[in-house]
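Asker: So I've got this file, my_file-v8.json, and it contains JSON, C-alpha atoms:
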```
[["chain", "number", "residue", "atom", "x", "y", "z"],
["A", 25, "MET", "CA", -10.79, 24.29, -5.40],
["A", 26, "SER", "CA", -11.53, 22.37, -2.19],
["A", 27, "TRP", "CA", -9.37, 19.58, -0.73],
["A", 28, "THR", "CA", -12.04, 17.00, -1.61],
["A", 29, "ASP", "CA", -12.42, 18.17, -5.22],
["A", 30, "SER", "CA", -8.67, 18.28, -5.87],
["A", 31, "LEU", "CA", -8.18, 14.99, -4.09],
["A", 32, "GLY", "CA", -10.97, 13.27, -5.97],
["A", 33, "ARG", "CA", -9.37, 13.91, -9.36],
["A", 34, "LEU", "CA", -6.01, 12.57, -8.23],
["A", 35, "VAL", "CA", -7.56, 9.51, -6.60],
["A", 36, "VAL", "CA", -9.43, 8.58, -9.78],
["A", 37, "GLN", "CA", -6.25, 9.02, -11.80],
["A", 38, "LEU", "CA", -3.92, 7.12, -9.47],
["A", 39, "THR", "CA", -5.84, 4.34, -7.76],
["A", 40, "SER", "CA", -6.84, 2.51, -10.92],
["A", 41, "HIS", "CA", -3.12, 1.75, -11.34],
["A", 42, "LYS", "CA", -1.53, -1.17, -9.48],
["A", 43, "PRO", "CA", 1.89, 0.06, -8.32],
["A", 44, "SER", "CA", 4.98, -2.04, -8.84],
["A", 45, "LEU", "CA", 6.33, -4.14, -5.99],
["A", 46, "TYR", "CA", 9.73, -2.53, -6.63],
["A", 47, "PRO", "CA", 9.37, 0.83, -8.46],
["A", 48, "ASP", "CA", 12.38, 2.29, -10.26],
["A", 49, "GLU", "CA", 11.11, 5.86, -10.50],
["A", 50, "GLU", "CA", 7.93, 7.87, -10.16],
["A", 51, "LEU", "CA", 5.30, 7.45, -12.86],
["A", 52, "ASP", "CA", 4.71, 11.15, -13.47],
["A", 53, "ASP", "CA", 6.56, 14.23, -12.15],
["A", 54, "LEU", "CA", 3.56, 16.49, -12.72],
["A", 55, "THR", "CA", 1.36, 14.27, -10.56],
["A", 56, "ASP", "CA", 3.85, 14.59, -7.70],
["A", 57, "ILE", "CA", 3.59, 18.37, -8.02],
["A", 58, "LYS", "CA", -0.22, 18.18, -7.90],
["A", 59, "ILE", "CA", -0.09, 16.01, -4.78],
["A", 60, "GLY", "CA", 2.36, 18.44, -3.18],
["A", 61, "LYS", "CA", -0.03, 21.33, -3.84],
["A", 62, "LEU", "CA", -2.92, 19.71, -1.98],
["A", 63, "SER", "CA", -3.49, 22.24, 0.79],
["A", 64, "LEU", "CA", -3.78, 21.09, 4.39],
["A", 65, "ASP", "CA", -4.60, 24.57, 5.70],
["A", 66, "ALA", "CA", -8.08, 23.50, 6.78],
["A", 67, "PHE", "CA", -6.74, 20.70, 8.99],
["A", 68, "GLU", "CA", -5.40, 20.70, 12.53],
["A", 69, "GLY", "CA", -4.00, 18.16, 14.95],
["A", 70, "GLU", "CA", -4.83, 14.51, 14.36],
["A", 71, "ARG", "CA", -7.02, 15.28, 11.34],
["A", 72, "LYS", "CA", -4.03, 16.96, 9.69],
["A", 73, "ALA", "CA", -1.84, 13.92, 10.43],
["A", 74, "TYR", "CA", -4.35, 11.67, 8.68],
["A", 75, "ALA", "CA", -4.63, 14.09, 5.75],
["A", 76, "LEU", "CA", -0.84, 13.75, 5.45],
["A", 77, "THR", "CA", -1.22, 9.96, 5.24],
["A", 78, "VAL", "CA", -3.46, 10.49, 2.23],
["A", 79, "LYS", "CA", -0.76, 12.54, 0.52],
["A", 80, "ALA", "CA", 1.92, 9.98, 1.44],
["A", 81, "GLY", "CA", -0.27, 7.25, -0.02],
["A", 82, "LEU", "CA", -0.94, 9.13, -3.25],
["A", 83, "HIS", "CA", 2.80, 9.55, -3.75],
["A", 84, "LEU", "CA", 3.21, 5.77, -3.43],
["A", 85, "PHE", "CA", 0.44, 5.18, -5.95],
["A", 86, "ASN", "CA", 2.56, 7.41, -8.20],
["A", 87, "GLU", "CA", 5.53, 5.18, -7.27],
["A", 88, "SER", "CA", 7.31, 8.21, -5.83],
["A", 89, "LEU", "CA", 9.15, 6.71, -2.89],
["A", 90, "GLU", "CA", 11.24, 9.65, -1.70],
["A", 91, "LYS", "CA", 8.33, 12.10, -1.56],
["A", 92, "SER", "CA", 6.15, 9.60, 0.27],
["A", 93, "HIS", "CA", 8.98, 8.86, 2.70],
["A", 94, "ALA", "CA", 9.49, 12.54, 3.48],
["A", 95, "LEU", "CA", 5.85, 12.77, 4.56],
["A", 96, "SER", "CA", 5.53, 9.46, 6.39],
["A", 97, "GLN", "CA", 8.54, 10.31, 8.58],
["A", 98, "GLU", "CA", 6.52, 13.26, 9.92],
["A", 99, "ILE", "CA", 3.36, 11.26, 10.70],
["A", 100, "HIS", "CA", 3.18, 9.84, 14.21],
["A", 101, "ASN", "CA", 0.18, 7.54, 14.00],
["A", 102, "PRO", "CA", -0.30, 3.89, 12.98],
["A", 103, "ALA", "CA", -1.45, 4.74, 9.46],
["A", 104, "GLY", "CA", 1.67, 6.84, 8.89],
["A", 105, "SER", "CA", 3.81, 3.98, 10.15],
["A", 106, "TYR", "CA", 2.08, 1.59, 7.78],
["A", 107, "TRP", "CA", 2.70, 3.84, 4.75],
["A", 108, "HIS", "CA", 6.30, 4.12, 5.96],
["A", 109, "GLY", "CA", 6.49, 0.31, 5.93],
["A", 110, "ILE", "CA", 5.05, 0.02, 2.41],
["A", 111, "MET", "CA", 7.58, 2.57, 1.16],
["A", 112, "HIS", "CA", 10.50, 0.56, 2.58],
["A", 113, "ARG", "CA", 9.04, -2.66, 1.17],
["A", 114, "MET", "CA", 8.85, -1.05, -2.27],
["A", 115, "GLU", "CA", 12.46, 0.11, -2.06],
["A", 116, "GLY", "CA", 13.56, -3.39, -1.08],
["A", 117, "ASP", "CA", 14.52, -2.64, 2.54],
["A", 118, "TYR", "CA", 12.44, -5.47, 3.97],
["A", 119, "PRO", "CA", 13.83, -5.47, 7.55],
["A", 120, "ASN", "CA", 13.06, -1.74, 7.84],
["A", 121, "ALA", "CA", 9.60, -2.36, 6.41],
["A", 122, "ASP", "CA", 9.02, -5.00, 9.11],
["A", 123, "TYR", "CA", 9.99, -2.47, 11.78],
["A", 124, "TRP", "CA", 7.41, 0.04, 10.59],
["A", 125, "PHE", "CA", 4.69, -2.57, 10.14],
["A", 126, "ARG", "CA", 5.25, -3.61, 13.75],
["A", 127, "MET", "CA", 5.11, 0.06, 14.79],
["A", 128, "ALA", "CA", 1.71, 0.35, 13.09],
["A", 129, "ARG", "CA", 0.45, -2.44, 15.36],
["A", 130, "SER", "CA", -3.18, -3.00, 14.36],
["A", 131, "LEU", "CA", -5.43, -0.91, 12.14],
["A", 132, "PRO", "CA", -9.22, -1.11, 11.68],
["A", 133, "ILE", "CA", -8.71, -2.02, 8.02],
["A", 134, "TYR", "CA", -6.99, -5.33, 8.86],
["A", 135, "ALA", "CA", -10.14, -7.49, 9.00],
["A", 136, "GLU", "CA", -11.41, -6.33, 5.61],
["A", 137, "LEU", "CA", -7.93, -6.51, 4.10],
["A", 138, "ALA", "CA", -7.46, -10.09, 5.31],
["A", 139, "GLU", "CA", -10.86, -11.09, 3.95],
["A", 140, "ARG", "CA", -10.21, -9.57, 0.53],
["A", 141, "ALA", "CA", -6.58, -10.63, 0.20],
["A", 142, "TYR", "CA", -6.99, -14.20, 1.44],
["A", 143, "GLY", "CA", -10.20, -14.58, -0.56],
["A", 144, "TYR", "CA", -8.41, -13.43, -3.70],
["A", 145, "VAL", "CA", -5.68, -16.05, -3.26],
["A", 146, "ARG", "CA", -8.13, -18.81, -2.37],
["A", 147, "THR", "CA", -10.17, -18.26, -5.53],
["A", 148, "ALA", "CA", -7.18, -17.81, -7.86],
["A", 149, "ASP", "CA", -6.02, -20.64, -10.09],
["A", 150, "LEU", "CA", -2.42, -21.02, -8.94],
["A", 151, "ARG", "CA", -1.53, -24.01, -11.12],
["A", 152, "GLY", "CA", 0.47, -21.81, -13.49],
["A", 153, "MET", "CA", 2.82, -20.72, -10.70],
["A", 154, "THR", "CA", 6.16, -22.33, -11.52],
["A", 155, "ASN", "CA", 7.64, -22.41, -8.01],
["A", 156, "THR", "CA", 5.79, -25.09, -6.03],
["A", 157, "ALA", "CA", 7.29, -24.12, -2.67],
["A", 158, "PHE", "CA", 6.23, -20.50, -3.11],
["A", 159, "ARG", "CA", 2.73, -21.53, -4.19],
["A", 160, "GLU", "CA", 2.40, -23.70, -1.08],
["A", 161, "ARG", "CA", 3.65, -20.85, 1.14],
["A", 162, "LEU", "CA", 1.13, -18.52, -0.46],
["A", 163, "GLU", "CA", -1.71, -20.98, 0.11],
["A", 164, "GLU", "CA", -0.63, -21.45, 3.72],
["A", 165, "TRP", "CA", -0.53, -17.66, 4.21],
["A", 166, "ALA", "CA", -4.03, -17.30, 2.74],
["A", 167, "SER", "CA", -5.41, -19.88, 5.18],
["A", 168, "GLY", "CA", -4.91, -17.40, 8.01],
["A", 169, "SER", "CA", -7.68, -15.42, 9.65],
["A", 170, "GLY", "CA", -6.08, -12.06, 10.46],
["A", 171, "TRP", "CA", -3.94, -9.71, 8.42],
["A", 172, "ASP", "CA", -0.22, -10.04, 9.08],
["A", 173, "SER", "CA", 1.68, -7.24, 7.33],
["A", 174, "CYS", "CA", 5.08, -8.75, 8.21],
["A", 175, "ALA", "CA", 4.09, -12.10, 6.68],
["A", 176, "PHE", "CA", 3.02, -10.33, 3.48],
["A", 177, "ASN", "CA", 6.31, -8.42, 3.53],
["A", 178, "GLU", "CA", 8.14, -11.76, 3.69],
["A", 179, "LEU", "CA", 6.18, -13.09, 0.70],
["A", 180, "VAL", "CA", 7.03, -10.00, -1.35],
["A", 181, "GLU", "CA", 10.70, -10.24, -0.35],
["A", 182, "ARG", "CA", 10.87, -13.91, -1.30],
["A", 183, "HIS", "CA", 9.25, -13.24, -4.64],
["A", 184, "VAL", "CA", 11.31, -10.16, -5.55],
["A", 185, "THR", "CA", 14.68, -11.49, -4.41],
["A", 186, "ARG", "CA", 14.39, -15.17, -5.36],
["A", 187, "ILE", "CA", 11.30, -16.32, -7.24],
["A", 188, "ARG", "CA", 10.27, -13.77, -9.90],
["A", 189, "ASP", "CA", 7.23, -15.74, -11.11],
["A", 190, "GLU", "CA", 4.94, -13.79, -13.44],
["A", 191, "GLN", "CA", 1.68, -15.06, -11.93],
["A", 192, "ALA", "CA", 2.94, -14.50, -8.39],
["A", 193, "GLU", "CA", 3.96, -10.97, -9.36],
["A", 194, "GLU", "CA", 0.48, -10.06, -10.56],
["A", 195, "LEU", "CA", -1.16, -11.66, -7.54],
["A", 196, "LEU", "CA", 1.08, -9.85, -5.04],
["A", 197, "LYS", "CA", 0.63, -6.55, -6.88],
["A", 198, "HIS", "CA", -3.14, -6.96, -6.63],
["A", 199, "ILE", "CA", -2.94, -7.60, -2.89],
["A", 200, "GLN", "CA", -0.65, -4.58, -2.45],
["A", 201, "TRP", "CA", -3.19, -2.53, -4.41],
["A", 202, "LEU", "CA", -6.01, -3.66, -2.10],
["A", 203, "GLU", "CA", -3.84, -2.84, 0.92],
["A", 204, "MET", "CA", -3.00, 0.65, -0.36],
["A", 205, "ARG", "CA", -6.57, 1.48, -1.36],
["A", 206, "LEU", "CA", -7.98, 0.50, 2.03],
["A", 207, "LEU", "CA", -5.27, 2.45, 3.84],
["A", 208, "LEU", "CA", -5.87, 5.51, 1.66],
["A", 209, "GLU", "CA", -9.60, 5.38, 2.35],
["A", 210, "TYR", "CA", -8.96, 4.96, 6.09],
["A", 211, "GLY", "CA", -6.72, 8.04, 6.18],
["A", 212, "TYR", "CA", -9.31, 10.06, 4.29],
["A", 213, "VAL", "CA", -12.13, 9.09, 6.67],
["A", 214, "GLN", "CA", -9.98, 9.80, 9.75],
["A", 215, "SER", "CA", -9.07, 13.22, 8.34],
["A", 216, "GLY", "CA", -12.76, 14.10, 8.46],
["A", 217, "GLY", "CA", -13.62, 13.30, 4.86],
["A", 218, "GLY", "CA", -17.26, 12.54, 4.35],
["A", 219, "GLY", "CA", -18.44, 9.54, 2.38],
["A", 220, "SER", "CA", -16.25, 7.16, 0.46],
["A", 221, "LEU", "CA", -13.14, 8.27, -1.40],
["A", 222, "LEU", "CA", -12.95, 5.15, -3.57],
["A", 223, "GLU", "CA", -15.30, 3.05, -5.63],
["A", 224, "SER", "CA", -15.32, -0.63, -4.67],
["A", 225, "PRO", "CA", -12.82, -2.65, -6.73]]
```
For the file at hand, write its structure as structure tokens.
Answerer:
Amino acid sequence: MSWTDSLGRLVVQLTSHKPSLYPDEELDDLTDIKIGKLSLDAFEGERKAYALTVKAGLHLFNESLEKSHALSQEIHNPAGSYWHGIMHRMEGDYPNADYWFRMARSLPIYAELAERAYGYVRTADLRGMTNTAFRERLEEWASGSGWDSCAFNELVERHVTRIRDEQAEELLKHIQWLEMRLLLEYGYVQSGGGGSLLESP
């Protein structure tokens, strides 16, 4: 079975799920094995590095932090750094996540991610959010024009470590899901994949 065929099945299975902001353990051991078996034999050089970002991303969709981390440490491009940052954010090491987000610098997905994420917050009814200060910070963040991964990291940290508001949780999970889907698609395209890997959310 080709890379694209094997990948397609896993993507459909995994990307409909919105991963936790702070996973405790992987969702499914067997899925990790399937991701691990995705062959990269057909790839070389930079295309192989981007194919590795796809595998690292799939592991995070499966909430498998250690396996994703093992791959992202071996990827020396901005997309790999960004996956590395998401992994550390999920494990609760927010300063380390900031480091890797800064290492990623800027990615072509940032404009679309900002548009989708900020638009989602702007159209959401936030009146049910119990923490007024956090709601105001979220609204301020969504008034920006460009994606700031470190600012989003700070929002997640504040929520996870101090706020724990149910509506905020679902909203941040949705934004993380958008972020991960766009990054996965970017890695796939850069690896030489033709067409779109994902259906529009």
Asker: Just checking: using only C-alpha atoms, which residue out of A:Leu89, A:Ala192, A:Leu82, A:Ala138 ends up closest to A:Arg161?
Answerer: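 Looking at the shortest contact to A:Arg161, the residue is A:Ala192.
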Asker: What's around A:Asp48 at 12 Å? Count all atoms listed in the file, leave out sequence neighbours fewer than 3 positions away in its own chain, and write the answer as a list in words.
Answerer: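 Within the cut-off, the hits are Pro43, Ser44, Leu45, Leu51, Leu84, Asn86, Glu87, Ser88, Leu89, Glu90, Met114, Glu115 and Gly116 of chain A.
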Asker: Would you mind listing, for every residue of stretch 51-163 of chain A within 7 Å of stretch 209-213 of chain A, the two atoms forming the shortest contact and the distance between them in Å to one decimal, using all atoms listed in the file, sorted by chain and ascending residue number, as JSON lines?
Answerer:
```
{"residue": "A:Tyr74", "atom": "CA", "partner": "A:Gly211", "partner_atom": "CA", "distance": 5.0}
{"residue": "A:Ala75", "atom": "CA", "partner": "A:Tyr212", "partner_atom": "CA", "distance": 6.3}
{"residue": "A:Thr77", "atom": "CA", "partner": "A:Gly211", "partner_atom": "CA", "distance": 5.9}
{"residue": "A:Val78", "atom": "CA", "partner": "A:Gly211", "partner_atom": "CA", "distance": 5.7}
```
Asker: Quick one, how far is atom CA of A:Lys42 from atom CA of A:Ala141?
Answerer: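 Between these atoms lies a distance of 14.4 Å.
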Asker: Give me, please, the distance in Å between atom CA of A:Leu207 and atom CA of A:Leu34, quoted to one decimal.
Answerer: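 It comes out at 15.8 Å.
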Asker: Pick out the closest residue to A:Leu206 from this set: A:Lys79, A:Arg159, A:Arg151, A:Arg140. Count all atoms listed in the file.
Answerer: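 Once distances to A:Leu206 are computed over all atoms listed in the file, the minimum belongs to A:Arg140.
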Asker: Centre and edge lengths, as lines of an AutoDock Vina configuration file, for the axis-aligned box enclosing every listed atom of stretch 136-147 of chain A with 4 Å of padding on each of the six sides, in Å to one decimal?
Answerer:
```
center_x = -8.5
center_y = -12.6
center_z = 0.0
size_x = 13.7
size_y = 20.5
size_z = 19.1
```
Asker: Could you name the residues that touch A:Ser130 at 10 Å or less, counting all atoms listed in the file, but leaving out those on the same chain fewer than 5 positions away, as a list in words?
Answerer: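 Returned residues: Pro102, Ala103, Tyr106, Phe125, Ala135, Trp171, Asp172 and Ser173 of chain A.
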Asker: Could you tell me which of A:Gln97, A:Thr147, A:Ser92, A:Asn177 comes closest to A:Ala121 if we count only C-alpha atoms?
Answerer: A:Asn177
Asker: Choose the residue, out of A:Ser40, A:Arg182, A:Ser215, A:Val145, that has the smallest atom-to-atom separation from A:Leu64; count only C-alpha atoms.
Answerer: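 Smallest distance to A:Leu64 is found for A:Ser215.
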Asker: Contacts of A:Ala166 at 7 Å or less, counting only C-alpha atoms, minus same-chain residues fewer than 4 places along, as a ChimeraX atom specification?
Answerer: /A:142,145-146,162
Asker: Between A:Leu54, A:Glu203, A:Arg188, A:Leu150, which has the minimum distance to A:Leu131 (counting all atoms listed in the file)?
Answerer: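 Checking each candidate against A:Leu131, we get A:Glu203 as the closest.
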